[in-house]
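Visitor: One structure, pasted below without further comment.
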Amino acid sequence: MHPTSPFRIPEETHRVPLPPVLVALPHVLLFFALLPSPTPAVLAIRRWILLPLVLMTSLPPILWYTTGDPGLDVSLGMECVIAALRASDFLLLSVPEHEFQREGEKGQATSGVASKAKWLFALLCTPRGVGWNWGRLKASQPVSRRRFLITGAYRLITHYIVVDILSTYLLNPKLPFLAQPLSAQPLAFRFAHSLLAGILIYAGLQTGFTALSMIAVLSEISRPEQWPDFFGGWRELRSVGNFWGGFWHQTLRRMFVLHGKAVASLLPPSSPLRPLVRLAVPFLLSALGHYAGARIALGTAWRTFAFFAIQPVGILVERAVFPARLRWLWTAVWLAWTGGWALEEHIEGGAAGRKVRLGLMNRADGQTDTMEAASAAAI
């Protein structure tokens, strides 16, 4: 095979630039696997042929390739795992054309190859299921485009400033956060720094989501009510379970939960392990996705994996030990403690000190280089 071919398999220890075709290929194969066929038999055969191809093309970027940017590498690893899980969802666990409907649709997916292709494209571009019968989030109350854009601009500026200020503090080697390893810092400092890093991640994701929603509404690709808030309300911080199930973004919720139910269904109906499996599998899949991203970007990822994989333990402990009125405190302690594992791994892997043109704060204090935006590094 030619040495410059995008399908050449390089050595794992020497990552090479990622060919764009490898990013798009799993999604293109999945799209064609789901297109209508003349007969159900032909459709089934095509799906069983393309399913392993989707899974095989999702794996190489995790092992051998890089985008050249650590933040984008994290997103790349997550996307590879998501592509594989989405194929499992739509080709093994669900029958989209029979089970999924958009609001206002009646019966099966619209007829005609072109119409079904458009319907399928809309399905694949709607990870939260807003406006679909399977989505947990409902469309928000209609507002005018002008009001939506004004509110969005306020949010965008606010979250940008938060990212800027926290990036200046948390990712600057000259300031206290990186003066010593996180695990060696006093408990109060470690707790505070972990929570500040969480806020940085939250604000970074909000910045990206708000910018995307404003572009979509401004260009009239979608309507304001199709963009409900990315995160839940602050009241959901009252417990670890509510944090993950109600506050944190629900972009991948259905896919993770569906696989949890599928694995649990393999156990006897009376098995006491079924609820535990339904709880644990979604977090394990999330851990796998974040592991893949951190592995590409940092070369090490086990503490990142552990942070997500152990979250069911925190949920079980709070249910068994803490009364409802104290669970908010347990939530803060638990997330700050376990989050510190992933945070320190990212620091050791070089997440701090990455430079992009971002900061107002850095320009204000005379620094010409700024730090990496949080949204790309912590989906």
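Lettering and numbering for the structure tokens are positional, with chains as A, B, ... in the shown order, residues counted from 1 in each chain, and ligands counted from 1 in the shown order.
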DSSP on the backbone: which residues in stretch 99-291 of chain A end up as helix (DSSP H, G or I)? Give the answer as a compact mmCIF listing (two decimals) with N, CA and C atoms, in the first residue's frame.
Guide:
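New file result-v9.txt:
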# COMPACT_ATOMS: atom_id res chain seq x y z
N GLU A 99 -39.64 2.84 14.60
CA GLU A 99 -39.74 3.27 16.00
C GLU A 99 -39.66 4.78 16.19
N VAL A 113 -37.41 7.76 -1.68
CA VAL A 113 -36.00 7.65 -1.30
C VAL A 113 -35.44 9.00 -0.86
N ALA A 114 -35.71 10.05 -1.64
CA ALA A 114 -35.17 11.37 -1.30
C ALA A 114 -35.71 11.86 0.04
N SER A 115 -37.02 11.68 0.26
CA SER A 115 -37.62 12.13 1.51
C SER A 115 -37.09 11.33 2.70
N LYS A 116 -36.93 10.03 2.50
CA LYS A 116 -36.40 9.20 3.60
C LYS A 116 -34.94 9.53 3.88
N ALA A 117 -34.18 9.84 2.83
CA ALA A 117 -32.78 10.22 3.05
C ALA A 117 -32.71 11.52 3.85
N LYS A 118 -33.59 12.45 3.56
CA LYS A 118 -33.62 13.71 4.32
C LYS A 118 -34.04 13.45 5.76
N TRP A 119 -35.03 12.58 5.95
CA TRP A 119 -35.48 12.20 7.29
C TRP A 119 -34.35 11.54 8.07
N LEU A 120 -33.61 10.67 7.41
CA LEU A 120 -32.52 9.95 8.05
C LEU A 120 -31.39 10.90 8.41
N PHE A 121 -31.09 11.85 7.55
CA PHE A 121 -30.04 12.83 7.84
C PHE A 121 -30.42 13.64 9.07
N ALA A 122 -31.69 14.04 9.16
CA ALA A 122 -32.15 14.79 10.33
C ALA A 122 -32.02 13.95 11.60
N LEU A 123 -32.30 12.66 11.51
CA LEU A 123 -32.17 11.77 12.67
C LEU A 123 -30.73 11.68 13.14
N LEU A 124 -29.80 11.51 12.22
CA LEU A 124 -28.40 11.36 12.58
C LEU A 124 -27.79 12.65 13.10
N ARG A 145 -36.78 35.22 16.95
CA ARG A 145 -35.37 35.07 16.63
C ARG A 145 -34.56 36.19 17.28
N ARG A 146 -35.10 37.40 17.30
CA ARG A 146 -34.39 38.54 17.87
C ARG A 146 -34.10 38.32 19.36
N ARG A 147 -35.12 37.89 20.09
CA ARG A 147 -34.93 37.65 21.53
C ARG A 147 -33.96 36.51 21.77
N PHE A 148 -34.06 35.45 20.97
CA PHE A 148 -33.17 34.31 21.12
C PHE A 148 -31.72 34.73 20.89
N LEU A 149 -31.48 35.54 19.87
CA LEU A 149 -30.12 35.95 19.54
C LEU A 149 -29.56 36.91 20.59
N ILE A 150 -30.40 37.79 21.12
CA ILE A 150 -29.94 38.71 22.17
C ILE A 150 -29.57 37.94 23.42
N THR A 151 -30.45 37.00 23.82
CA THR A 151 -30.15 36.16 24.99
C THR A 151 -28.89 35.33 24.76
N GLY A 152 -28.77 34.78 23.55
CA GLY A 152 -27.59 33.99 23.21
C GLY A 152 -26.31 34.80 23.26
N ALA A 153 -26.37 36.04 22.78
CA ALA A 153 -25.18 36.89 22.79
C ALA A 153 -24.74 37.17 24.23
N TYR A 154 -25.71 37.40 25.11
CA TYR A 154 -25.38 37.64 26.52
C TYR A 154 -24.72 36.40 27.13
N ARG A 155 -25.30 35.24 26.86
CA ARG A 155 -24.73 34.00 27.40
C ARG A 155 -23.33 33.75 26.83
N LEU A 156 -23.19 33.99 25.54
CA LEU A 156 -21.91 33.75 24.89
C LEU A 156 -20.81 34.61 25.51
N ILE A 157 -21.09 35.88 25.68
CA ILE A 157 -20.09 36.79 26.26
C ILE A 157 -19.79 36.40 27.71
N THR A 158 -20.86 36.10 28.47
CA THR A 158 -20.67 35.74 29.88
C THR A 158 -19.81 34.50 30.04
N HIS A 159 -20.13 33.45 29.30
CA HIS A 159 -19.38 32.21 29.44
C HIS A 159 -17.97 32.35 28.86
N TYR A 160 -17.82 33.16 27.84
CA TYR A 160 -16.49 33.40 27.29
C TYR A 160 -15.59 34.05 28.34
N ILE A 161 -16.13 35.01 29.06
CA ILE A 161 -15.35 35.68 30.10
C ILE A 161 -14.99 34.71 31.22
N VAL A 162 -15.94 33.84 31.60
CA VAL A 162 -15.65 32.84 32.63
C VAL A 162 -14.52 31.92 32.18
N VAL A 163 -14.61 31.43 30.93
CA VAL A 163 -13.55 30.57 30.39
C VAL A 163 -12.22 31.31 30.41
N ASP A 164 -12.25 32.55 30.01
CA ASP A 164 -11.02 33.34 29.94
C ASP A 164 -10.37 33.52 31.31
N ILE A 165 -11.17 33.89 32.29
CA ILE A 165 -10.63 34.13 33.64
C ILE A 165 -10.09 32.83 34.24
N LEU A 166 -10.88 31.76 34.16
CA LEU A 166 -10.45 30.50 34.77
C LEU A 166 -9.27 29.89 34.01
N SER A 167 -9.25 30.03 32.69
CA SER A 167 -8.10 29.54 31.93
C SER A 167 -6.83 30.25 32.36
N THR A 168 -6.93 31.56 32.56
CA THR A 168 -5.76 32.33 32.97
C THR A 168 -5.21 31.82 34.30
N TYR A 169 -6.10 31.46 35.21
CA TYR A 169 -5.66 31.00 36.53
C TYR A 169 -5.26 29.53 36.51
N LEU A 170 -6.14 28.67 35.99
CA LEU A 170 -5.93 27.23 36.13
C LEU A 170 -4.86 26.69 35.19
N PRO A 176 -0.70 29.49 41.34
CA PRO A 176 -0.68 28.43 42.37
C PRO A 176 -1.20 27.07 41.93
N PHE A 177 -2.13 27.05 40.99
CA PHE A 177 -2.76 25.77 40.65
C PHE A 177 -1.75 24.74 40.18
N LEU A 178 -0.77 25.16 39.38
CA LEU A 178 0.21 24.23 38.84
C LEU A 178 1.55 24.29 39.55
N LEU A 182 -1.53 18.21 41.87
CA LEU A 182 -2.83 18.37 42.51
C LEU A 182 -2.95 17.48 43.75
N SER A 183 -2.44 16.25 43.65
CA SER A 183 -2.56 15.32 44.78
C SER A 183 -1.73 15.77 45.98
N ALA A 184 -0.74 16.64 45.76
CA ALA A 184 0.11 17.10 46.86
C ALA A 184 -0.39 18.41 47.47
N LEU A 187 -5.94 19.80 51.07
CA LEU A 187 -7.25 19.30 50.69
C LEU A 187 -8.18 20.42 50.21
N ALA A 188 -8.17 21.55 50.91
CA ALA A 188 -9.04 22.66 50.53
C ALA A 188 -8.69 23.18 49.15
N PHE A 189 -7.38 23.27 48.83
CA PHE A 189 -6.96 23.74 47.52
C PHE A 189 -7.36 22.76 46.42
N ARG A 190 -7.15 21.46 46.72
CA ARG A 190 -7.52 20.45 45.72
C ARG A 190 -9.02 20.49 45.45
N PHE A 191 -9.79 20.62 46.51
CA PHE A 191 -11.25 20.68 46.36
C PHE A 191 -11.65 21.90 45.52
N ALA A 192 -11.09 23.06 45.87
CA ALA A 192 -11.44 24.30 45.15
C ALA A 192 -11.00 24.24 43.70
N HIS A 193 -9.81 23.72 43.44
CA HIS A 193 -9.31 23.68 42.08
C HIS A 193 -10.10 22.70 41.22
N SER A 194 -10.53 21.60 41.79
CA SER A 194 -11.35 20.64 41.04
C SER A 194 -12.69 21.26 40.67
N LEU A 195 -13.30 21.98 41.61
CA LEU A 195 -14.58 22.62 41.31
C LEU A 195 -14.41 23.73 40.27
N LEU A 196 -13.33 24.49 40.36
CA LEU A 196 -13.09 25.53 39.36
C LEU A 196 -12.86 24.93 37.98
N ALA A 197 -12.17 23.79 37.93
CA ALA A 197 -11.97 23.13 36.64
C ALA A 197 -13.31 22.65 36.07
N GLY A 198 -14.21 22.16 36.95
CA GLY A 198 -15.53 21.77 36.49
C GLY A 198 -16.32 22.94 35.92
N ILE A 199 -16.21 24.09 36.57
CA ILE A 199 -16.89 25.29 36.07
C ILE A 199 -16.30 25.70 34.73
N LEU A 200 -14.98 25.57 34.59
CA LEU A 200 -14.33 25.89 33.32
C LEU A 200 -14.86 25.00 32.19
N ILE A 201 -14.99 23.71 32.47
CA ILE A 201 -15.52 22.78 31.47
C ILE A 201 -16.96 23.15 31.12
N TYR A 202 -17.76 23.42 32.15
CA TYR A 202 -19.16 23.81 31.94
C TYR A 202 -19.25 25.05 31.06
N ALA A 203 -18.50 26.09 31.40
CA ALA A 203 -18.57 27.34 30.64
C ALA A 203 -18.05 27.15 29.22
N GLY A 204 -17.03 26.31 29.06
CA GLY A 204 -16.51 26.06 27.72
C GLY A 204 -17.53 25.37 26.82
N LEU A 205 -18.20 24.36 27.36
CA LEU A 205 -19.23 23.68 26.59
C LEU A 205 -20.41 24.60 26.29
N GLN A 206 -20.77 25.43 27.26
CA GLN A 206 -21.86 26.38 27.03
C GLN A 206 -21.50 27.37 25.93
N THR A 207 -20.25 27.80 25.91
CA THR A 207 -19.80 28.73 24.87
C THR A 207 -19.95 28.12 23.48
N GLY A 208 -19.48 26.88 23.32
CA GLY A 208 -19.59 26.22 22.02
C GLY A 208 -21.03 25.98 21.61
N PHE A 209 -21.85 25.51 22.56
CA PHE A 209 -23.25 25.23 22.25
C PHE A 209 -24.00 26.51 21.88
N THR A 210 -23.78 27.58 22.63
CA THR A 210 -24.47 28.84 22.37
C THR A 210 -24.08 29.40 21.01
N ALA A 211 -22.80 29.35 20.68
CA ALA A 211 -22.35 29.85 19.37
C ALA A 211 -23.00 29.05 18.24
N LEU A 212 -23.04 27.72 18.39
CA LEU A 212 -23.64 26.87 17.35
C LEU A 212 -25.13 27.16 17.19
N SER A 213 -25.83 27.31 18.31
CA SER A 213 -27.28 27.58 18.23
C SER A 213 -27.56 28.92 17.58
N MET A 214 -26.74 29.93 17.88
CA MET A 214 -26.94 31.25 17.29
C MET A 214 -26.70 31.22 15.78
N ILE A 215 -25.68 30.49 15.36
CA ILE A 215 -25.40 30.37 13.92
C ILE A 215 -26.55 29.68 13.21
N ALA A 216 -27.07 28.60 13.83
CA ALA A 216 -28.16 27.84 13.20
C ALA A 216 -29.43 28.67 13.10
N VAL A 217 -29.76 29.44 14.12
CA VAL A 217 -30.97 30.26 14.11
C VAL A 217 -30.79 31.48 13.20
N LEU A 218 -29.63 32.09 13.25
CA LEU A 218 -29.37 33.27 12.42
C LEU A 218 -29.43 32.92 10.94
N PRO A 224 -35.63 28.78 17.02
CA PRO A 224 -35.15 28.93 18.40
C PRO A 224 -35.64 27.83 19.34
N GLU A 225 -36.90 27.38 19.18
CA GLU A 225 -37.42 26.38 20.11
C GLU A 225 -36.77 25.01 19.94
N GLN A 226 -36.00 24.83 18.87
CA GLN A 226 -35.29 23.56 18.66
C GLN A 226 -33.97 23.52 19.44
N TRP A 234 -29.87 24.57 37.98
CA TRP A 234 -28.95 24.42 39.10
C TRP A 234 -29.53 23.59 40.23
N ARG A 235 -30.84 23.48 40.32
CA ARG A 235 -31.45 22.65 41.36
C ARG A 235 -31.09 21.18 41.21
N GLU A 236 -30.68 20.79 40.01
CA GLU A 236 -30.33 19.39 39.78
C GLU A 236 -29.00 19.01 40.43
N LEU A 237 -28.30 19.97 41.00
CA LEU A 237 -27.03 19.69 41.67
C LEU A 237 -27.23 19.10 43.06
N ARG A 238 -28.46 18.79 43.41
CA ARG A 238 -28.76 18.33 44.77
C ARG A 238 -28.32 16.90 45.04
N VAL A 240 -25.72 13.35 43.26
CA VAL A 240 -24.87 12.84 42.18
C VAL A 240 -25.75 12.30 41.06
N GLY A 241 -26.81 11.56 41.42
CA GLY A 241 -27.70 11.03 40.41
C GLY A 241 -28.36 12.12 39.58
N ASN A 242 -28.82 13.17 40.25
CA ASN A 242 -29.44 14.27 39.52
C ASN A 242 -28.42 15.06 38.71
N PHE A 243 -27.21 15.14 39.20
CA PHE A 243 -26.16 15.84 38.45
C PHE A 243 -25.99 15.20 37.07
N TRP A 244 -25.82 13.87 37.05
CA TRP A 244 -25.58 13.19 35.77
C TRP A 244 -26.87 12.99 34.99
N GLY A 245 -27.98 12.82 35.68
CA GLY A 245 -29.23 12.53 34.97
C GLY A 245 -30.08 13.73 34.64
N GLY A 246 -29.77 14.89 35.27
CA GLY A 246 -30.62 16.05 35.02
C GLY A 246 -29.88 17.33 34.73
N PHE A 247 -28.68 17.49 35.32
CA PHE A 247 -27.94 18.74 35.11
C PHE A 247 -26.99 18.65 33.92
N ARG A 253 -27.29 10.46 26.25
CA ARG A 253 -28.04 9.72 27.25
C ARG A 253 -28.76 8.51 26.67
N ARG A 254 -29.56 8.74 25.62
CA ARG A 254 -30.37 7.64 25.08
C ARG A 254 -29.51 6.48 24.64
N MET A 255 -28.43 6.76 23.94
CA MET A 255 -27.56 5.72 23.41
C MET A 255 -26.93 4.92 24.54
N PHE A 256 -26.45 5.59 25.57
CA PHE A 256 -25.84 4.89 26.70
C PHE A 256 -26.87 4.06 27.46
N VAL A 257 -28.01 4.67 27.75
CA VAL A 257 -29.05 3.98 28.53
C VAL A 257 -29.58 2.77 27.76
N LEU A 258 -29.76 2.91 26.45
CA LEU A 258 -30.27 1.80 25.64
C LEU A 258 -29.34 0.59 25.70
N HIS A 259 -28.04 0.83 25.63
CA HIS A 259 -27.10 -0.28 25.72
C HIS A 259 -27.10 -0.89 27.12
N GLY A 260 -27.30 -0.05 28.14
CA GLY A 260 -27.41 -0.59 29.49
C GLY A 260 -28.60 -1.53 29.63
N LYS A 261 -29.73 -1.13 29.07
CA LYS A 261 -30.91 -1.98 29.12
C LYS A 261 -30.69 -3.27 28.33
N ALA A 262 -29.99 -3.17 27.19
CA ALA A 262 -29.75 -4.36 26.37
C ALA A 262 -28.87 -5.37 27.11
N VAL A 263 -27.84 -4.89 27.79
CA VAL A 263 -26.98 -5.80 28.54
C VAL A 263 -27.75 -6.39 29.73
N ALA A 264 -28.52 -5.57 30.42
CA ALA A 264 -29.29 -6.06 31.57
C ALA A 264 -30.32 -7.10 31.15
N LEU A 273 -29.21 -8.13 39.97
CA LEU A 273 -28.12 -7.40 39.32
C LEU A 273 -28.61 -6.53 38.17
N ARG A 274 -29.82 -6.75 37.71
CA ARG A 274 -30.28 -6.00 36.54
C ARG A 274 -30.28 -4.49 36.76
N PRO A 275 -30.81 -3.98 37.89
CA PRO A 275 -30.74 -2.52 38.09
C PRO A 275 -29.31 -2.00 38.16
N LEU A 276 -28.41 -2.80 38.76
CA LEU A 276 -27.02 -2.36 38.85
C LEU A 276 -26.37 -2.30 37.46
N VAL A 277 -26.69 -3.27 36.62
CA VAL A 277 -26.14 -3.28 35.26
C VAL A 277 -26.68 -2.10 34.46
N ARG A 278 -27.97 -1.82 34.60
CA ARG A 278 -28.54 -0.67 33.88
C ARG A 278 -27.91 0.64 34.33
N LEU A 279 -27.49 0.70 35.59
CA LEU A 279 -26.83 1.89 36.09
C LEU A 279 -25.37 1.95 35.66
N ALA A 280 -24.67 0.81 35.70
CA ALA A 280 -23.22 0.82 35.48
C ALA A 280 -22.83 0.92 34.01
N VAL A 281 -23.55 0.25 33.12
CA VAL A 281 -23.13 0.19 31.72
C VAL A 281 -23.06 1.58 31.07
N PRO A 282 -24.06 2.46 31.24
CA PRO A 282 -23.92 3.79 30.62
C PRO A 282 -22.67 4.54 31.05
N PHE A 283 -22.30 4.44 32.33
CA PHE A 283 -21.10 5.12 32.78
C PHE A 283 -19.84 4.45 32.25
N LEU A 284 -19.86 3.13 32.10
CA LEU A 284 -18.72 2.45 31.52
C LEU A 284 -18.52 2.86 30.06
N LEU A 285 -19.61 3.00 29.33
CA LEU A 285 -19.50 3.43 27.93
C LEU A 285 -19.00 4.87 27.84
N SER A 286 -19.49 5.72 28.74
CA SER A 286 -18.98 7.09 28.78
C SER A 286 -17.49 7.10 29.12
N ALA A 287 -17.10 6.24 30.08
CA ALA A 287 -15.69 6.13 30.45
C ALA A 287 -14.85 5.69 29.26
N LEU A 288 -15.38 4.76 28.47
CA LEU A 288 -14.65 4.27 27.29
C LEU A 288 -14.44 5.39 26.28
N GLY A 289 -15.48 6.19 26.05
CA GLY A 289 -15.35 7.30 25.11
C GLY A 289 -14.33 8.33 25.58
N HIS A 290 -14.39 8.70 26.85
CA HIS A 290 -13.44 9.67 27.38
C HIS A 290 -12.02 9.08 27.45
N TYR A 291 -11.93 7.79 27.71
CA TYR A 291 -10.63 7.12 27.68
C TYR A 291 -10.00 7.23 26.29
Visitor: Within 10 Å of A:His14, counting only C-alpha atoms, which residues qualify if same-chain residues fewer than 4 places away don't, as a PyMOL selection string?
Guide: chain A and resi 10+63-66
